[in-house]
>>> print(open('upload-v6.csv').read())   # CSV, N, CA, C and O atoms
chain,number,residue,atom,x,y,z
E,177,MET,N,-64.0,-71.7,40.6
E,177,MET,CA,-64.5,-70.6,41.3
E,177,MET,C,-64.0,-69.3,40.6
E,177,MET,O,-62.9,-69.3,40.1
E,178,ILE,N,-64.9,-68.4,40.5
E,178,ILE,CA,-64.5,-67.1,39.8
E,178,ILE,C,-64.7,-66.0,40.8
E,178,ILE,O,-65.5,-66.0,41.7
E,179,SER,N,-63.9,-64.9,40.5
E,179,SER,CA,-63.9,-63.8,41.4
E,179,SER,C,-63.7,-62.5,40.6
E,179,SER,O,-62.8,-62.5,39.8
E,180,PRO,N,-64.6,-61.6,40.6
E,180,PRO,CA,-65.9,-61.6,41.4
E,180,PRO,C,-66.9,-62.4,40.7
E,180,PRO,O,-67.0,-62.5,39.5
E,181,CYS,N,-67.8,-63.1,41.5
E,181,CYS,CA,-68.8,-63.9,40.9
E,181,CYS,C,-70.1,-63.2,40.7
E,181,CYS,O,-71.0,-63.6,39.9
E,182,ASP,N,-70.3,-62.0,41.3
E,182,ASP,CA,-71.6,-61.3,41.2
E,182,ASP,C,-72.1,-61.0,39.8
E,182,ASP,O,-73.3,-61.2,39.6
E,183,PRO,N,-71.2,-60.6,38.9
E,183,PRO,CA,-71.8,-60.4,37.5
E,183,PRO,C,-72.3,-61.6,36.8
E,183,PRO,O,-73.0,-61.5,35.8
E,184,TYR,N,-71.9,-62.8,37.3
E,184,TYR,CA,-72.3,-64.0,36.6
E,184,TYR,C,-73.4,-64.8,37.3
E,184,TYR,O,-73.8,-65.9,36.8
E,185,LEU,N,-73.9,-64.4,38.5
E,185,LEU,CA,-74.8,-65.2,39.2
E,185,LEU,C,-76.1,-65.5,38.4
E,185,LEU,O,-76.6,-66.6,38.4
E,186,GLU,N,-76.6,-64.5,37.8
E,186,GLU,CA,-77.9,-64.7,37.0
E,186,GLU,C,-77.7,-65.7,35.8
E,186,GLU,O,-78.5,-66.5,35.6
E,187,ALA,N,-76.5,-65.6,35.1
E,187,ALA,CA,-76.2,-66.5,34.0
E,187,ALA,C,-76.1,-67.9,34.5
E,187,ALA,O,-76.6,-68.8,33.9
E,188,PHE,N,-75.4,-68.1,35.6
E,188,PHE,CA,-75.3,-69.4,36.2
E,188,PHE,C,-76.6,-70.0,36.7
E,188,PHE,O,-76.9,-71.2,36.6
E,189,ALA,N,-77.4,-69.1,37.2
E,189,ALA,CA,-78.7,-69.5,37.7
E,189,ALA,C,-79.6,-70.1,36.6
E,189,ALA,O,-80.5,-70.9,36.9
E,190,GLN,N,-79.4,-69.7,35.4
E,190,GLN,CA,-80.2,-70.2,34.3
E,190,GLN,C,-79.7,-71.6,33.9
E,190,GLN,O,-80.4,-72.3,33.1
E,191,GLY,N,-78.6,-72.0,34.3
E,191,GLY,CA,-78.0,-73.4,34.0
E,191,GLY,C,-78.5,-74.4,35.0
E,191,GLY,O,-79.4,-74.1,35.9
E,192,PRO,N,-78.1,-75.6,34.8
E,192,PRO,CA,-78.6,-76.8,35.6
E,192,PRO,C,-78.0,-76.8,37.0
E,192,PRO,O,-78.5,-77.6,37.8
E,193,ALA,N,-77.0,-76.0,37.4
E,193,ALA,CA,-76.4,-76.1,38.7
E,193,ALA,C,-77.4,-75.8,39.8
E,193,ALA,O,-78.2,-74.9,39.7
E,194,ALA,N,-77.3,-76.5,40.9
E,194,ALA,CA,-78.2,-76.3,42.0
E,194,ALA,C,-77.7,-75.2,42.9
E,194,ALA,O,-78.4,-74.5,43.6
E,195,ILE,N,-76.4,-75.0,42.9
E,195,ILE,CA,-75.7,-74.0,43.8
E,195,ILE,C,-75.0,-73.0,42.9
E,195,ILE,O,-74.2,-73.4,42.1
E,196,THR,N,-75.4,-71.7,43.1
E,196,THR,CA,-74.8,-70.7,42.3
E,196,THR,C,-73.7,-69.9,43.0
E,196,THR,O,-72.8,-69.3,42.3
E,197,SER,N,-73.8,-69.8,44.3
E,197,SER,CA,-72.9,-68.9,45.0
E,197,SER,C,-72.1,-69.7,46.1
E,197,SER,O,-72.7,-70.4,46.8
E,198,ARG,N,-70.8,-69.5,46.0
E,198,ARG,CA,-70.0,-70.0,47.1
E,198,ARG,C,-69.0,-68.9,47.5
E,198,ARG,O,-68.1,-68.6,46.7
E,199,CYS,N,-69.2,-68.3,48.6
E,199,CYS,CA,-68.4,-67.1,49.0
E,199,CYS,C,-67.5,-67.4,50.2
E,199,CYS,O,-67.8,-68.4,50.9
E,200,MET,N,-66.5,-66.6,50.3
E,200,MET,CA,-65.7,-66.7,51.5
E,200,MET,C,-66.5,-65.9,52.6
E,200,MET,O,-67.3,-65.0,52.3
E,201,PRO,N,-66.4,-66.3,53.9
E,201,PRO,CA,-67.2,-65.6,54.9
E,201,PRO,C,-66.9,-64.1,55.1
E,201,PRO,O,-67.7,-63.4,55.7
E,202,ARG,N,-65.8,-63.6,54.6
E,202,ARG,CA,-65.5,-62.2,54.7
E,202,ARG,C,-65.3,-61.6,53.4
E,202,ARG,O,-64.8,-62.2,52.5
E,203,PRO,N,-65.8,-60.4,53.1
E,203,PRO,CA,-66.5,-59.5,54.0
E,203,PRO,C,-67.9,-59.9,54.2
E,203,PRO,O,-68.6,-60.4,53.3
E,204,VAL,N,-68.4,-59.7,55.4
E,204,VAL,CA,-69.7,-60.1,55.8
E,204,VAL,C,-70.8,-59.6,54.9
E,204,VAL,O,-71.7,-60.4,54.5
E,205,PRO,N,-70.9,-58.3,54.6
E,205,PRO,CA,-72.0,-57.8,53.8
E,205,PRO,C,-72.1,-58.5,52.4
E,205,PRO,O,-73.1,-58.8,51.9
E,206,THR,N,-70.9,-58.7,51.8
E,206,THR,CA,-70.9,-59.3,50.5
E,206,THR,C,-71.4,-60.8,50.6
E,206,THR,O,-72.1,-61.2,49.7
E,207,CYS,N,-71.0,-61.5,51.6
E,207,CYS,CA,-71.4,-62.9,51.7
E,207,CYS,C,-72.9,-63.0,51.9
E,207,CYS,O,-73.6,-63.8,51.3
E,208,ILE,N,-73.4,-62.1,52.8
E,208,ILE,CA,-74.9,-62.1,53.0
E,208,ILE,C,-75.6,-61.8,51.8
E,208,ILE,O,-76.6,-62.4,51.4
E,209,ALA,N,-75.2,-60.8,51.0
E,209,ALA,CA,-75.8,-60.3,49.8
E,209,ALA,C,-75.8,-61.5,48.8
E,209,ALA,O,-76.8,-61.7,48.1
E,210,ARG,N,-74.7,-62.2,48.6
E,210,ARG,CA,-74.7,-63.3,47.7
E,210,ARG,C,-75.6,-64.4,48.1
E,210,ARG,O,-76.2,-65.0,47.2
E,211,CYS,N,-75.7,-64.7,49.3
E,211,CYS,CA,-76.6,-65.8,49.8
E,211,CYS,C,-78.0,-65.4,49.5
E,211,CYS,O,-78.8,-66.2,49.0
E,212,ARG,N,-78.4,-64.2,49.8
E,212,ARG,CA,-79.8,-63.7,49.5
E,212,ARG,C,-80.1,-63.7,48.0
E,212,ARG,O,-81.2,-64.1,47.6
E,213,ARG,N,-79.1,-63.3,47.2
E,213,ARG,CA,-79.3,-63.2,45.8
E,213,ARG,C,-79.5,-64.6,45.2
E,213,ARG,O,-80.3,-64.8,44.4
E,214,SER,N,-78.7,-65.6,45.7
E,214,SER,CA,-78.9,-66.9,45.2
E,214,SER,C,-80.2,-67.5,45.5
E,214,SER,O,-80.9,-68.1,44.7
E,215,ALA,N,-80.7,-67.2,46.7
E,215,ALA,CA,-82.1,-67.6,47.1
E,215,ALA,C,-83.1,-67.0,46.2
E,215,ALA,O,-84.1,-67.7,45.8
E,216,ARG,N,-83.0,-65.7,45.9
E,216,ARG,CA,-84.0,-65.0,45.1
E,216,ARG,C,-84.0,-65.6,43.7
E,216,ARG,O,-85.0,-65.7,43.0
E,217,LEU,N,-82.8,-66.2,43.2
E,217,LEU,CA,-82.7,-66.8,41.9
E,217,LEU,C,-83.2,-68.3,41.9
E,217,LEU,O,-83.1,-68.9,40.9
E,218,GLY,N,-83.6,-68.7,43.1
E,218,GLY,CA,-84.1,-70.1,43.3
E,218,GLY,C,-83.0,-71.1,43.4
E,218,GLY,O,-83.2,-72.3,43.1
E,219,LYS,N,-81.8,-70.7,43.8
E,219,LYS,CA,-80.6,-71.6,43.9
E,219,LYS,C,-80.1,-71.6,45.3
E,219,LYS,O,-80.5,-70.8,46.1
E,220,LYS,N,-79.3,-72.6,45.6
E,220,LYS,CA,-78.7,-72.7,46.9
E,220,LYS,C,-77.4,-71.9,47.0
E,220,LYS,O,-76.8,-71.6,46.0
E,221,ALA,N,-77.0,-71.6,48.2
E,221,ALA,CA,-75.8,-70.8,48.5
E,221,ALA,C,-74.9,-71.6,49.3
E,221,ALA,O,-75.3,-72.4,50.2
E,222,GLY,N,-73.6,-71.4,49.1
E,222,GLY,CA,-72.6,-72.1,50.0
E,222,GLY,C,-71.5,-71.2,50.4
E,222,GLY,O,-71.3,-70.1,49.8
E,223,VAL,N,-70.7,-71.6,51.4
E,223,VAL,CA,-69.6,-70.8,51.9
E,223,VAL,C,-68.4,-71.7,51.9
E,223,VAL,O,-68.5,-72.9,52.3
E,224,SER,N,-67.2,-71.2,51.5
E,224,SER,CA,-66.0,-71.9,51.6
E,224,SER,C,-65.2,-71.4,52.8
E,224,SER,O,-65.1,-70.2,53.1
E,225,LEU,N,-64.6,-72.4,53.5
E,225,LEU,CA,-63.8,-72.1,54.7
E,225,LEU,C,-62.3,-72.5,54.3
E,225,LEU,O,-62.0,-73.6,54.1
E,226,ASN,N,-61.5,-71.5,54.3
E,226,ASN,CA,-60.0,-71.8,54.1
E,226,ASN,C,-59.5,-72.5,55.4
E,226,ASN,O,-60.1,-72.4,56.4
E,227,PRO,N,-58.4,-73.2,55.3
E,227,PRO,CA,-57.9,-73.9,56.4
E,227,PRO,C,-57.7,-73.1,57.7
E,227,PRO,O,-58.0,-73.6,58.8
E,228,ALA,N,-57.3,-71.9,57.6
E,228,ALA,CA,-57.1,-71.1,58.8
E,228,ALA,C,-58.4,-70.4,59.3
E,228,ALA,O,-58.4,-69.7,60.4
E,229,THR,N,-59.5,-70.5,58.6
E,229,THR,CA,-60.7,-69.8,59.0
E,229,THR,C,-61.5,-70.6,59.9
E,229,THR,O,-61.8,-71.8,59.6
E,230,PRO,N,-61.8,-70.1,61.1
E,230,PRO,CA,-62.6,-70.9,62.1
E,230,PRO,C,-64.1,-71.0,61.7
E,230,PRO,O,-64.6,-70.2,61.0
E,231,ILE,N,-64.7,-72.1,62.2
E,231,ILE,CA,-66.1,-72.3,61.9
E,231,ILE,C,-66.9,-71.1,62.4
E,231,ILE,O,-67.9,-70.7,61.8
E,232,SER,N,-66.5,-70.5,63.5
E,232,SER,CA,-67.3,-69.3,64.0
E,232,SER,C,-67.4,-68.2,63.0
E,232,SER,O,-68.3,-67.4,63.2
E,233,ALA,N,-66.6,-68.2,62.0
E,233,ALA,CA,-66.6,-67.1,61.0
E,233,ALA,C,-67.9,-67.1,60.2
E,233,ALA,O,-68.3,-66.1,59.5
E,234,ILE,N,-68.6,-68.3,60.2
E,234,ILE,CA,-69.9,-68.3,59.4
E,234,ILE,C,-71.1,-68.4,60.2
E,234,ILE,O,-72.2,-68.6,59.7
E,235,GLU,N,-71.0,-68.2,61.5
E,235,GLU,CA,-72.2,-68.3,62.4
E,235,GLU,C,-73.3,-67.3,61.9
E,235,GLU,O,-74.5,-67.6,62.1
E,236,TYR,N,-72.9,-66.2,61.4
E,236,TYR,CA,-73.9,-65.1,61.0
E,236,TYR,C,-74.7,-65.5,59.7
E,236,TYR,O,-75.7,-64.9,59.5
E,237,VAL,N,-74.2,-66.5,59.0
E,237,VAL,CA,-74.9,-66.9,57.8
E,237,VAL,C,-75.4,-68.4,57.8
E,237,VAL,O,-75.9,-68.8,56.8
E,238,ILE,N,-75.2,-69.0,58.9
E,238,ILE,CA,-75.4,-70.5,58.9
E,238,ILE,C,-76.8,-70.8,58.5
E,238,ILE,O,-77.1,-71.9,57.9
E,239,ASP,N,-77.8,-70.0,58.8
E,239,ASP,CA,-79.2,-70.3,58.5
E,239,ASP,C,-79.5,-69.9,57.0
E,239,ASP,O,-80.6,-70.2,56.6
E,240,MET,N,-78.6,-69.3,56.3
E,240,MET,CA,-78.8,-68.9,55.0
E,240,MET,C,-78.1,-69.8,53.9
E,240,MET,O,-78.3,-69.6,52.7
E,241,ILE,N,-77.3,-70.7,54.4
E,241,ILE,CA,-76.5,-71.5,53.5
E,241,ILE,C,-76.9,-72.9,53.4
E,241,ILE,O,-77.5,-73.4,54.4
E,242,ASP,N,-76.6,-73.5,52.3
E,242,ASP,CA,-77.0,-74.9,52.1
E,242,ASP,C,-75.8,-75.8,52.0
E,242,ASP,O,-75.9,-77.0,52.0
E,243,LEU,N,-74.6,-75.2,51.9
E,243,LEU,CA,-73.4,-76.0,51.7
E,243,LEU,C,-72.2,-75.3,52.4
E,243,LEU,O,-72.1,-74.0,52.3
E,244,VAL,N,-71.4,-76.1,53.1
E,244,VAL,CA,-70.1,-75.5,53.6
E,244,VAL,C,-69.0,-76.4,52.9
E,244,VAL,O,-69.0,-77.6,53.1
E,245,LEU,N,-68.1,-75.7,52.2
E,245,LEU,CA,-66.9,-76.4,51.7
E,245,LEU,C,-65.8,-76.1,52.6
E,245,LEU,O,-65.3,-75.0,52.7
E,246,VAL,N,-65.3,-77.2,53.2
E,246,VAL,CA,-64.1,-77.1,54.1
E,246,VAL,C,-62.9,-77.3,53.3
E,246,VAL,O,-62.7,-78.5,52.8
E,247,MET,N,-62.1,-76.3,53.0
E,247,MET,CA,-60.9,-76.4,52.2
E,247,MET,C,-59.8,-77.2,53.0
E,247,MET,O,-59.6,-76.9,54.2
E,248,SER,N,-59.2,-78.2,52.3
E,248,SER,CA,-58.2,-79.0,53.0
E,248,SER,C,-56.8,-78.6,52.5
E,248,SER,O,-55.8,-79.2,52.8
E,249,VAL,N,-56.7,-77.6,51.6
E,249,VAL,CA,-55.5,-76.9,51.2
E,249,VAL,C,-55.8,-75.4,51.0
E,249,VAL,O,-56.9,-75.0,51.0
E,250,ASN,N,-54.7,-74.6,51.0
E,250,ASN,CA,-54.9,-73.2,50.8
E,250,ASN,C,-55.2,-72.9,49.3
E,250,ASN,O,-54.6,-73.5,48.5
E,251,PRO,N,-56.1,-72.0,49.0
E,251,PRO,CA,-56.5,-71.8,47.6
E,251,PRO,C,-55.3,-71.1,46.9
E,251,PRO,O,-54.5,-70.4,47.6
E,252,GLY,N,-55.2,-71.3,45.6
E,252,GLY,CA,-54.3,-70.6,44.9
E,252,GLY,C,-53.3,-71.4,44.0
E,252,GLY,O,-52.9,-70.9,42.9
E,253,PHE,N,-53.0,-72.6,44.4
E,253,PHE,CA,-52.0,-73.3,43.6
E,253,PHE,C,-52.1,-74.8,43.9
E,253,PHE,O,-52.6,-75.2,45.0
E,254,GLY,N,-51.8,-75.7,42.9
E,254,GLY,CA,-51.8,-77.1,43.1
E,254,GLY,C,-50.6,-77.7,43.8
E,254,GLY,O,-49.6,-77.0,44.0
E,255,GLY,N,-50.7,-79.0,44.0
E,255,GLY,CA,-49.5,-79.7,44.6
E,255,GLY,C,-49.3,-79.5,46.1
E,255,GLY,O,-48.2,-79.9,46.6
E,256,GLN,N,-50.3,-79.0,46.8
E,256,GLN,CA,-50.1,-78.8,48.2
E,256,GLN,C,-50.4,-80.1,49.0
E,256,GLN,O,-51.2,-80.9,48.5
E,257,ALA,N,-49.8,-80.1,50.2
E,257,ALA,CA,-50.1,-81.3,51.1
E,257,ALA,C,-51.5,-81.0,51.8
E,257,ALA,O,-51.9,-79.9,52.0
E,258,PHE,N,-52.2,-82.1,52.0
E,258,PHE,CA,-53.4,-82.1,52.8
E,258,PHE,C,-53.2,-81.5,54.1
E,258,PHE,O,-52.2,-81.8,54.8
E,259,ILE,N,-54.1,-80.6,54.6
E,259,ILE,CA,-54.0,-80.0,55.9
E,259,ILE,C,-54.9,-80.8,56.9
E,259,ILE,O,-56.2,-80.7,56.7
E,260,PRO,N,-54.4,-81.6,57.7
E,260,PRO,CA,-55.2,-82.5,58.6
E,260,PRO,C,-56.3,-81.8,59.4
E,260,PRO,O,-57.3,-82.4,59.8
E,261,SER,N,-56.1,-80.6,59.8
E,261,SER,CA,-57.1,-79.9,60.7
E,261,SER,C,-58.4,-79.7,60.0
E,261,SER,O,-59.4,-79.5,60.7
E,262,ALA,N,-58.5,-79.9,58.7
E,262,ALA,CA,-59.8,-79.9,57.9
E,262,ALA,C,-60.7,-81.0,58.4
E,262,ALA,O,-61.9,-80.8,58.5
E,263,LEU,N,-60.1,-82.1,58.8
E,263,LEU,CA,-61.0,-83.2,59.3
E,263,LEU,C,-61.7,-82.9,60.6
E,263,LEU,O,-62.9,-83.2,60.7
E,264,GLY,N,-61.0,-82.1,61.4
E,264,GLY,CA,-61.6,-81.7,62.7
E,264,GLY,C,-62.8,-80.8,62.4
E,264,GLY,O,-63.9,-80.9,63.1
E,265,LYS,N,-62.7,-79.9,61.5
E,265,LYS,CA,-63.8,-79.0,61.1
E,265,LYS,C,-65.0,-79.8,60.6
E,265,LYS,O,-66.1,-79.5,60.9
E,266,ILE,N,-64.7,-80.7,59.7
E,266,ILE,CA,-65.8,-81.6,59.2
E,266,ILE,C,-66.5,-82.3,60.3
E,266,ILE,O,-67.7,-82.4,60.3
E,267,GLN,N,-65.7,-82.9,61.2
E,267,GLN,CA,-66.3,-83.6,62.4
E,267,GLN,C,-67.2,-82.6,63.2
E,267,GLN,O,-68.2,-83.0,63.7
E,268,ASP,N,-66.7,-81.4,63.4
E,268,ASP,CA,-67.4,-80.4,64.2
E,268,ASP,C,-68.8,-80.1,63.5
E,268,ASP,O,-69.8,-80.0,64.1
E,269,PHE,N,-68.8,-79.9,62.2
E,269,PHE,CA,-70.0,-79.7,61.4
E,269,PHE,C,-71.0,-80.9,61.6
E,269,PHE,O,-72.1,-80.7,61.8
E,270,ALA,N,-70.4,-82.1,61.4
E,270,ALA,CA,-71.3,-83.3,61.6
E,270,ALA,C,-71.9,-83.3,62.9
E,270,ALA,O,-73.1,-83.7,63.1
E,271,ARG,N,-71.2,-83.0,63.9
E,271,ARG,CA,-71.7,-83.1,65.3
E,271,ARG,C,-72.7,-82.0,65.5
E,271,ARG,O,-73.8,-82.3,66.1
E,272,ASP,N,-72.5,-80.8,65.0
E,272,ASP,CA,-73.5,-79.7,65.1
E,272,ASP,C,-74.7,-79.9,64.3
E,272,ASP,O,-75.8,-79.4,64.6
E,273,ASP,N,-74.6,-80.7,63.3
E,273,ASP,CA,-75.7,-81.0,62.3
E,273,ASP,C,-76.5,-82.3,62.7
E,273,ASP,O,-77.2,-82.8,62.0
E,274,GLY,N,-76.2,-82.8,63.9
E,274,GLY,CA,-76.8,-84.1,64.3
E,274,GLY,C,-76.3,-85.3,63.6
E,274,GLY,O,-77.0,-86.3,63.5
E,275,GLY,N,-75.1,-85.2,63.0
E,275,GLY,CA,-74.5,-86.3,62.3
E,275,GLY,C,-75.0,-86.5,60.9
E,275,GLY,O,-74.7,-87.5,60.3
E,276,THR,N,-75.6,-85.5,60.3
E,276,THR,CA,-76.1,-85.6,59.0
E,276,THR,C,-75.3,-84.9,57.9
E,276,THR,O,-75.6,-84.9,56.8
E,277,ALA,N,-74.2,-84.3,58.3
E,277,ALA,CA,-73.3,-83.6,57.4
E,277,ALA,C,-72.7,-84.6,56.4
E,277,ALA,O,-72.2,-85.6,56.8
E,278,ASP,N,-72.8,-84.2,55.1
E,278,ASP,CA,-72.2,-85.1,54.1
E,278,ASP,C,-70.9,-84.5,53.6
E,278,ASP,O,-70.8,-83.3,53.4
>>> encode(input="upload-v6.csv", output="structure tokens")
Amino acid sequence: MISPCDPYLEAFAQGPAAITSRCMPRPVPTCIARCRRSARLGKKAGVSLNPATPISAIEYVIDMIDLVLVMSVNPGFGGQAFIPSALGKIQDFARDDGGTAD
């Protein structure tokens, strides 16, 4: 993951990756703009949820995204212990998606 990713979206869109954008849900205008830009480039968009971020934080973009990455550790450094609450979020997504969440 790179930050800021905006200057690189077009370059990545020319490559074989199907998903070019994965943003944090905040700030809202930035996340919405990245999702729309990925769609205009013919790519899918995704959102990352940190362990402390509730699912409700992405309700405003849920119809614009193709992927939700539920983080099971806090971003920034390696060697962290798995945060079990991530499993509950994944189960909630699967339930809301009719059991088709992968």
>>> select_by_dssp(input="upload-v6.csv", residues="segment 179-276 of chain E", states="alpha helix (DSSP H)", output="short mmCIF file (atom, residue, chain, number, x, y, z; two decimals) with N, CA, C and O atoms, keeping the file's coordinate frame")
data_model
loop_
_atom_site.label_atom_id
_atom_site.label_comp_id
_atom_site.auth_asym_id
_atom_site.auth_seq_id
_atom_site.Cartn_x
_atom_site.Cartn_y
_atom_site.Cartn_z
N LEU E 185 -73.90 -64.40 38.50
CA LEU E 185 -74.80 -65.20 39.20
C LEU E 185 -76.10 -65.50 38.40
O LEU E 185 -76.60 -66.60 38.40
N GLU E 186 -76.60 -64.50 37.80
CA GLU E 186 -77.90 -64.70 37.00
C GLU E 186 -77.70 -65.70 35.80
O GLU E 186 -78.50 -66.50 35.60
N ALA E 187 -76.50 -65.60 35.10
CA ALA E 187 -76.20 -66.50 34.00
C ALA E 187 -76.10 -67.90 34.50
O ALA E 187 -76.60 -68.80 33.90
N PHE E 188 -75.40 -68.10 35.60
CA PHE E 188 -75.30 -69.40 36.20
C PHE E 188 -76.60 -70.00 36.70
O PHE E 188 -76.90 -71.20 36.60
N ALA E 189 -77.40 -69.10 37.20
CA ALA E 189 -78.70 -69.50 37.70
C ALA E 189 -79.60 -70.10 36.60
O ALA E 189 -80.50 -70.90 36.90
N VAL E 204 -68.40 -59.70 55.40
CA VAL E 204 -69.70 -60.10 55.80
C VAL E 204 -70.80 -59.60 54.90
O VAL E 204 -71.70 -60.40 54.50
N PRO E 205 -70.90 -58.30 54.60
CA PRO E 205 -72.00 -57.80 53.80
C PRO E 205 -72.10 -58.50 52.40
O PRO E 205 -73.10 -58.80 51.90
N THR E 206 -70.90 -58.70 51.80
CA THR E 206 -70.90 -59.30 50.50
C THR E 206 -71.40 -60.80 50.60
O THR E 206 -72.10 -61.20 49.70
N CYS E 207 -71.00 -61.50 51.60
CA CYS E 207 -71.40 -62.90 51.70
C CYS E 207 -72.90 -63.00 51.90
O CYS E 207 -73.60 -63.80 51.30
N ILE E 208 -73.40 -62.10 52.80
CA ILE E 208 -74.90 -62.10 53.00
C ILE E 208 -75.60 -61.80 51.80
O ILE E 208 -76.60 -62.40 51.40
N ALA E 209 -75.20 -60.80 51.00
CA ALA E 209 -75.80 -60.30 49.80
C ALA E 209 -75.80 -61.50 48.80
O ALA E 209 -76.80 -61.70 48.10
N ARG E 210 -74.70 -62.20 48.60
CA ARG E 210 -74.70 -63.30 47.70
C ARG E 210 -75.60 -64.40 48.10
O ARG E 210 -76.20 -65.00 47.20
N CYS E 211 -75.70 -64.70 49.30
CA CYS E 211 -76.60 -65.80 49.80
C CYS E 211 -78.00 -65.40 49.50
O CYS E 211 -78.80 -66.20 49.00
N ARG E 212 -78.40 -64.20 49.80
CA ARG E 212 -79.80 -63.70 49.50
C ARG E 212 -80.10 -63.70 48.00
O ARG E 212 -81.20 -64.10 47.60
N ARG E 213 -79.10 -63.30 47.20
CA ARG E 213 -79.30 -63.20 45.80
C ARG E 213 -79.50 -64.60 45.20
O ARG E 213 -80.30 -64.80 44.40
N SER E 214 -78.70 -65.60 45.70
CA SER E 214 -78.90 -66.90 45.20
C SER E 214 -80.20 -67.50 45.50
O SER E 214 -80.90 -68.10 44.70
N ALA E 215 -80.70 -67.20 46.70
CA ALA E 215 -82.10 -67.60 47.10
C ALA E 215 -83.10 -67.00 46.20
O ALA E 215 -84.10 -67.70 45.80
N ARG E 216 -83.00 -65.70 45.90
CA ARG E 216 -84.00 -65.00 45.10
C ARG E 216 -84.00 -65.60 43.70
O ARG E 216 -85.00 -65.70 43.00
N SER E 261 -56.10 -80.60 59.80
CA SER E 261 -57.10 -79.90 60.70
C SER E 261 -58.40 -79.70 60.00
O SER E 261 -59.40 -79.50 60.70
N ALA E 262 -58.50 -79.90 58.70
CA ALA E 262 -59.80 -79.90 57.90
C ALA E 262 -60.70 -81.00 58.40
O ALA E 262 -61.90 -80.80 58.50
N LEU E 263 -60.10 -82.10 58.80
CA LEU E 263 -61.00 -83.20 59.30
C LEU E 263 -61.70 -82.90 60.60
O LEU E 263 -62.90 -83.20 60.70
N GLY E 264 -61.00 -82.10 61.40
CA GLY E 264 -61.60 -81.70 62.70
C GLY E 264 -62.80 -80.80 62.40
O GLY E 264 -63.90 -80.90 63.10
N LYS E 265 -62.70 -79.90 61.50
CA LYS E 265 -63.80 -79.00 61.10
C LYS E 265 -65.00 -79.80 60.60
O LYS E 265 -66.10 -79.50 60.90
N ILE E 266 -64.70 -80.70 59.70
CA ILE E 266 -65.80 -81.60 59.20
C ILE E 266 -66.50 -82.30 60.30
O ILE E 266 -67.70 -82.40 60.30
N GLN E 267 -65.70 -82.90 61.20
CA GLN E 267 -66.30 -83.60 62.40
C GLN E 267 -67.20 -82.60 63.20
O GLN E 267 -68.20 -83.00 63.70
N ASP E 268 -66.70 -81.40 63.40
CA ASP E 268 -67.40 -80.40 64.20
C ASP E 268 -68.80 -80.10 63.50
O ASP E 268 -69.80 -80.00 64.10
N PHE E 269 -68.80 -79.90 62.20
CA PHE E 269 -70.00 -79.70 61.40
C PHE E 269 -71.00 -80.90 61.60
O PHE E 269 -72.10 -80.70 61.80
N ALA E 270 -70.40 -82.10 61.40
CA ALA E 270 -71.30 -83.30 61.60
C ALA E 270 -71.90 -83.30 62.90
O ALA E 270 -73.10 -83.70 63.10
N ARG E 271 -71.20 -83.00 63.90
CA ARG E 271 -71.70 -83.10 65.30
C ARG E 271 -72.70 -82.00 65.50
O ARG E 271 -73.80 -82.30 66.10
N ASP E 272 -72.50 -80.80 65.00
CA ASP E 272 -73.50 -79.70 65.10
C ASP E 272 -74.70 -79.90 64.30
O ASP E 272 -75.80 -79.40 64.60
#
>>> residues_around(input="upload-v6.csv", residues="Pro201 of chain E", least_positions_apart="6", cutoff="8 Å", atoms="only C-alpha atoms", output="PyMOL selection string")
chain E and resi 207+223-225+233-234
>>> closest_residue(input="upload-v6.csv", among="E:Glu235, E:Cys181, E:Ala270, E:Ala262", to="Val204 of chain E", atoms="only C-alpha atoms")
E:Glu235
>>> closest_residue(input="upload-v6.csv", among="E:Met200, E:Ile241, E:Ile208, E:Ile266", to="Gly222 of chain E", atoms="only C-alpha atoms")
E:Ile241
>>> residues_near_point(input="upload-v6.csv", point="(-72.4, -74.1, 46.7)", cutoff="7 Å", atoms="only N, CA, C and O atoms", output="number ranges by chain")
E: 194-199, 220-223, 242-244
>>> atom_distance(input="upload-v6.csv", atom1="atom CA of Gly252 of chain E", atom2="atom CA of Pro180 of chain E")
15.1 Å
>>> atom_distance(input="upload-v6.csv", atom1="atom CA of Ser179 of chain E", atom2="atom C of Tyr236 of chain E")
21.3 Å
>>> decode(input="upload-v6.csv", residues="segment 237-254 of chain E", atoms="C-alpha atoms", output="PDB file, in the first residue's frame")
ATOM      1  CA  VAL E 237     -19.466   3.745  -0.158  1.00  0.00           C
ATOM      2  CA  ILE E 238     -20.679   0.153   0.103  1.00  0.00           C
ATOM      3  CA  ASP E 239     -22.352   0.351  -3.327  1.00  0.00           C
ATOM      4  CA  MET E 240     -19.151   1.728  -4.883  1.00  0.00           C
ATOM      5  CA  ILE E 241     -16.659  -0.866  -3.680  1.00  0.00           C
ATOM      6  CA  ASP E 242     -15.772  -4.359  -4.819  1.00  0.00           C
ATOM      7  CA  LEU E 243     -13.550  -5.392  -1.923  1.00  0.00           C
ATOM      8  CA  VAL E 244     -13.361  -4.891   1.815  1.00  0.00           C
ATOM      9  CA  LEU E 245     -10.074  -5.738   3.484  1.00  0.00           C
ATOM     10  CA  VAL E 246     -10.652  -6.387   7.174  1.00  0.00           C
ATOM     11  CA  MET E 247      -7.323  -5.751   8.875  1.00  0.00           C
ATOM     12  CA  SER E 248      -6.525  -8.240  11.629  1.00  0.00           C
ATOM     13  CA  VAL E 249      -3.552  -6.209  12.918  1.00  0.00           C
ATOM     14  CA  ASN E 250      -2.941  -2.485  13.166  1.00  0.00           C
ATOM     15  CA  PRO E 251      -1.076  -1.090  10.151  1.00  0.00           C
ATOM     16  CA  GLY E 252       2.460   0.102  10.534  1.00  0.00           C
ATOM     17  CA  PHE E 253       4.725  -2.658  11.741  1.00  0.00           C
ATOM     18  CA  GLY E 254       5.208  -6.425  11.717  1.00  0.00           C
TER      19      GLY E 254
END
